[in-house]
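Novice: My questions will all concern the structure given below.
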Amino acid sequence: MRKIKLTGGNVGRHRRKIGNTILAWCLTLGVVAILGVVGVKIFLHMGRESLKKNATSSGPVIVTEIPESAADEGESGAAVNNTPAPDTTWQENWVVYNGKVYEYNEEMLNFLVLGIDKMEKVKKSKDNVSGGQADAIFLVCMNQKTSEVKLIGVNRDTMVDVVMVGIGENGEDVIAPAEIAVQHGFGDGMEQSCELTVDAVSGLFYDLPIHGYMSFNMGGLAALSNALGGVTLTLQDDLTGIHKKWTKGTEITLKGQDTYDFLHWRDLKDFESARKRLARQKQYLSVMSHSVLAQTKEDITLPVRLYTKFKPYIVTNLSVDQISWLASRLVDYTIDTDTIYSLEGETKMGQQFEEFYPDKEALKALMFELFYDEVNLD
């Protein structure tokens, strides 16, 4: 399908893993009962291999220079602190950053989790513009070498090239700069919207491979919070715009509609309201995750009940074998919900809405911190 590239202007808005893990726990129990030990090992191996095939790219593309000692055919390069020995063959996947040589950690598995600004259960959009905006965008990064899971929150106002499906004069797709949150709205509100958002997030992170996605309509979080008996936290900001009693420092217990309001509301008159809302989403995710883990230790049936309530609000491309393999691995992983990374950058006022522009050097530093390993050249 032919695409049109718009050259400027602000596009108007037609505007954790928990769900997957819950499903995985349920499915794994069934798989074990049906297949037996040997069958389970084969089944889980299939899940791991199929996840690798899901990858949206072979690895990030970060333009760097090779050191002069390894330069070929007259190429110039940056000097490095761990310059290879003369007999070292420079590898194609090596990159230089801050005077050191790195390579992408191919044992990373990365998943995109999206919170969509809808209360109802998921359903297909009929017009390609009302699929719902992704007001919560998180990357779940699983490092198989260190058995750690790290989370990255993406500002919903981050400017990227957005694909607007079929809105051209002749029904063609149109590509234009817009806030990353609106990408989900320009699609079917289901798999297509998720896949387009996956492409946008992957491109933002230098074509980072993404191995799966899960989107959930935020209305489902009311059911999740209720099933947990509420999520209790202390307000880090004044939220009297939602409830008169929600002043900074107040301890509240989120249930029902309050959960949605806490995660979705923002004062559009308040500059950088999207960044402040992201901080609330990170706080909720951390507290809720700890609550799920603690309560599951007391009641092993909790994951089943949570999944039953949450399932109608979810869209995911993860298969049974993939989720089962993830569940079998995550049992032994450290999931860091206390340190949830955010992109550094600058928020500017566009023609109509706020626009967030990531700091490229800070983003590159984050990439090397989370997704690359230093090469030992000794």
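Labels used: A, B, ... for chains in the order of the structure tokens, numbers from 1 for residues in each chain, and numbers from 1 for ligands as shown.
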Give me, as a compact mmCIF listing (two decimals) with C-alpha atoms, in the first residue's frame, all polymer residues having an atom no more than 7 Å from range 195-208 of chain A, counting only C-alpha atoms and skipping those fewer than 2 positions away in the same chain.
Specialist:
```txt
# COMPACT_ATOMS: atom_id res chain seq x y z
CA SER A 57 14.71 -6.89 14.25
CA GLY A 59 19.37 -5.95 16.96
CA PRO A 60 19.50 -2.19 17.50
CA VAL A 61 21.20 0.00 14.91
CA ILE A 62 23.35 2.57 16.71
CA LEU A 112 5.73 -3.97 25.04
CA VAL A 160 7.65 9.85 16.40
CA GLN A 183 -0.37 5.46 17.04
CA HIS A 184 -2.59 2.85 18.69
CA GLU A 191 -3.65 -6.56 16.78
CA GLN A 192 -3.01 -4.04 13.99
CA SER A 193 -2.93 -1.12 16.43
CA ILE A 210 10.57 -6.55 20.53
```
Novice: What's around Leu228 in chain A at 9 Å? Count only C-alpha atoms, leave out sequence neighbours fewer than 5 positions away in its own chain, and write the answer as a list in words.
Specialist: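 Surrounding residues, per the criterion: Ala223, Lys255, Met288, Ser291, Val292, Gln295, Leu302 and Leu306 of chain A.
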Novice: From the options A:Arg275, A:Arg305, A:Lys124, A:Lys297, which residue's atoms come nearest to Cys194 in chain A, counting only C-alpha atoms?
Specialist: A:Lys124
Novice: Name all residues at most 9 Å from Asp338 in chain A (count only C-alpha atoms; drop same-chain ones fewer than 6 positions away) and give them as a list in words.
Specialist: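 Returned residues: Lys282, Gln283, Ser286 and Val287 of chain A.
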Novice: Find the spatial neighbours of range 51-53 of chain A, counting only C-alpha atoms, within a cut-off of 8 Å - ignore same-chain residues fewer than 5 positions away - and output them as a ChimeraX atom specification.
Specialist: /A:109,211-212,322
Novice: For Lys309 in chain A, which residue out of A:Leu293, A:Leu151, A:Val182, A:Leu221 is the nearest one, using only C-alpha atoms?
Specialist: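 Ranked by minimum distance to Lys309 in chain A, first place goes to A:Leu221.
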Novice: Once DSSP has gone over the backbone, tell me which residues of range 229-282 of chain A are in alpha helix (DSSP H), as a list of chain:residue names.
Specialist: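 Selecting the alpha helix (DSSP H) positions of range 229-282 of chain A gives A:Gly256, A:Gln257, A:Asp258, A:Thr259, A:Tyr260, A:Asp261, A:Phe262, A:Leu263, A:His264, A:Ser273, A:Ala274, A:Arg275, A:Lys276, A:Arg277, A:Leu278, A:Ala279, A:Arg280, A:Gln281, A:Lys282.
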Novice: For Tyr333 in chain A, please output as number ranges by chain all residues within 12 Å (counting only C-alpha atoms; exclusion window: fewer than 6 positions along the same chain).
Specialist: A: 141-150, 326-327
Novice: From the options A:Thr247, A:Ser215, A:Ser50, A:Thr240, which residue's atoms come nearest to Asp261 in chain A, counting only C-alpha atoms?
Specialist: A:Thr240
Novice: If you measure from CA of Gly187 in chain A to CA of Gly166 in chain A, what distance in Å do you get, rounded to one decimal?
Specialist: 8.8 Å
Novice: Do you know which residues are at most 8 Å from Val122 in chain A counting only C-alpha atoms, after dropping those on the same chain fewer than 3 positions away, and could you put them as number ranges by chain?
Specialist: A: 189-190, 216-217, 312-315
Novice: Based on the selection just made, write all heavy atoms of those residues as a PDB file, in the first residue's frame.
Specialist:
```pdb
ATOM      1  N   GLY A 189      -7.679  -1.066  16.625  1.00  0.00           N
ATOM      2  CA  GLY A 189      -7.900  -1.156  18.056  1.00  0.00           C
ATOM      3  C   GLY A 189      -7.545  -2.506  18.639  1.00  0.00           C
ATOM      4  O   GLY A 189      -7.691  -2.733  19.848  1.00  0.00           O
ATOM      5  N   MET A 190      -7.037  -3.395  17.806  1.00  0.00           N
ATOM      6  CA  MET A 190      -6.683  -4.757  18.232  1.00  0.00           C
ATOM      7  C   MET A 190      -5.226  -5.031  17.833  1.00  0.00           C
ATOM      8  O   MET A 190      -4.345  -4.245  18.154  1.00  0.00           O
ATOM      9  CB  MET A 190      -7.649  -5.765  17.598  1.00  0.00           C
ATOM     10  CG  MET A 190      -9.120  -5.526  17.931  1.00  0.00           C
ATOM     11  SD  MET A 190      -9.567  -5.973  19.626  1.00  0.00           S
ATOM     12  CE  MET A 190      -9.582  -7.764  19.492  1.00  0.00           C
ATOM     13  N   PHE A 216      -3.898  -3.511  27.203  1.00  0.00           N
ATOM     14  CA  PHE A 216      -5.087  -3.720  28.032  1.00  0.00           C
ATOM     15  C   PHE A 216      -5.848  -2.404  28.142  1.00  0.00           C
ATOM     16  O   PHE A 216      -5.259  -1.333  28.261  1.00  0.00           O
ATOM     17  CB  PHE A 216      -4.713  -4.232  29.429  1.00  0.00           C
ATOM     18  CG  PHE A 216      -3.786  -3.330  30.193  1.00  0.00           C
ATOM     19  CD1 PHE A 216      -4.269  -2.302  30.986  1.00  0.00           C
ATOM     20  CD2 PHE A 216      -2.406  -3.504  30.116  1.00  0.00           C
ATOM     21  CE1 PHE A 216      -3.411  -1.469  31.687  1.00  0.00           C
ATOM     22  CE2 PHE A 216      -1.537  -2.675  30.810  1.00  0.00           C
ATOM     23  CZ  PHE A 216      -2.043  -1.648  31.597  1.00  0.00           C
ATOM     24  N   ASN A 217      -7.153  -2.494  28.024  1.00  0.00           N
ATOM     25  CA  ASN A 217      -7.992  -1.324  28.252  1.00  0.00           C
ATOM     26  C   ASN A 217      -7.984  -1.010  29.739  1.00  0.00           C
ATOM     27  O   ASN A 217      -8.220  -1.888  30.573  1.00  0.00           O
ATOM     28  CB  ASN A 217      -9.415  -1.581  27.766  1.00  0.00           C
ATOM     29  CG  ASN A 217      -9.514  -1.529  26.246  1.00  0.00           C
ATOM     30  OD1 ASN A 217      -8.514  -1.379  25.555  1.00  0.00           O
ATOM     31  ND2 ASN A 217     -10.722  -1.652  25.732  1.00  0.00           N
ATOM     32  N   PRO A 312     -10.966 -10.218  29.335  1.00  0.00           N
ATOM     33  CA  PRO A 312     -11.725  -9.521  28.285  1.00  0.00           C
ATOM     34  C   PRO A 312     -11.148  -8.153  27.894  1.00  0.00           C
ATOM     35  O   PRO A 312     -11.587  -7.575  26.903  1.00  0.00           O
ATOM     36  CB  PRO A 312     -13.119  -9.362  28.909  1.00  0.00           C
ATOM     37  CG  PRO A 312     -13.196 -10.405  29.968  1.00  0.00           C
ATOM     38  CD  PRO A 312     -11.808 -10.505  30.513  1.00  0.00           C
ATOM     39  N   TYR A 313     -10.190  -7.667  28.652  1.00  0.00           N
ATOM     40  CA  TYR A 313      -9.632  -6.339  28.396  1.00  0.00           C
ATOM     41  C   TYR A 313      -8.261  -6.408  27.709  1.00  0.00           C
ATOM     42  O   TYR A 313      -7.635  -5.378  27.508  1.00  0.00           O
ATOM     43  CB  TYR A 313      -9.492  -5.573  29.712  1.00  0.00           C
ATOM     44  CG  TYR A 313     -10.800  -5.344  30.430  1.00  0.00           C
ATOM     45  CD1 TYR A 313     -11.304  -6.264  31.333  1.00  0.00           C
ATOM     46  CD2 TYR A 313     -11.554  -4.186  30.190  1.00  0.00           C
ATOM     47  CE1 TYR A 313     -12.514  -6.053  31.990  1.00  0.00           C
ATOM     48  CE2 TYR A 313     -12.760  -3.964  30.843  1.00  0.00           C
ATOM     49  CZ  TYR A 313     -13.237  -4.909  31.733  1.00  0.00           C
ATOM     50  OH  TYR A 313     -14.431  -4.694  32.378  1.00  0.00           O
ATOM     51  N   ILE A 314      -7.802  -7.604  27.348  1.00  0.00           N
ATOM     52  CA  ILE A 314      -6.424  -7.798  26.886  1.00  0.00           C
ATOM     53  C   ILE A 314      -6.355  -8.167  25.408  1.00  0.00           C
ATOM     54  O   ILE A 314      -7.176  -8.918  24.896  1.00  0.00           O
ATOM     55  CB  ILE A 314      -5.744  -8.924  27.710  1.00  0.00           C
ATOM     56  CG1 ILE A 314      -5.587  -8.506  29.167  1.00  0.00           C
ATOM     57  CG2 ILE A 314      -4.382  -9.288  27.124  1.00  0.00           C
ATOM     58  CD1 ILE A 314      -5.052  -9.617  30.054  1.00  0.00           C
ATOM     59  N   VAL A 315      -5.326  -7.641  24.722  1.00  0.00           N
ATOM     60  CA  VAL A 315      -4.935  -8.092  23.386  1.00  0.00           C
ATOM     61  C   VAL A 315      -3.455  -8.445  23.458  1.00  0.00           C
ATOM     62  O   VAL A 315      -2.646  -7.633  23.931  1.00  0.00           O
ATOM     63  CB  VAL A 315      -5.157  -7.004  22.316  1.00  0.00           C
ATOM     64  CG1 VAL A 315      -4.635  -7.478  20.948  1.00  0.00           C
ATOM     65  CG2 VAL A 315      -6.622  -6.621  22.217  1.00  0.00           C
TER      66      VAL A 315
END
```
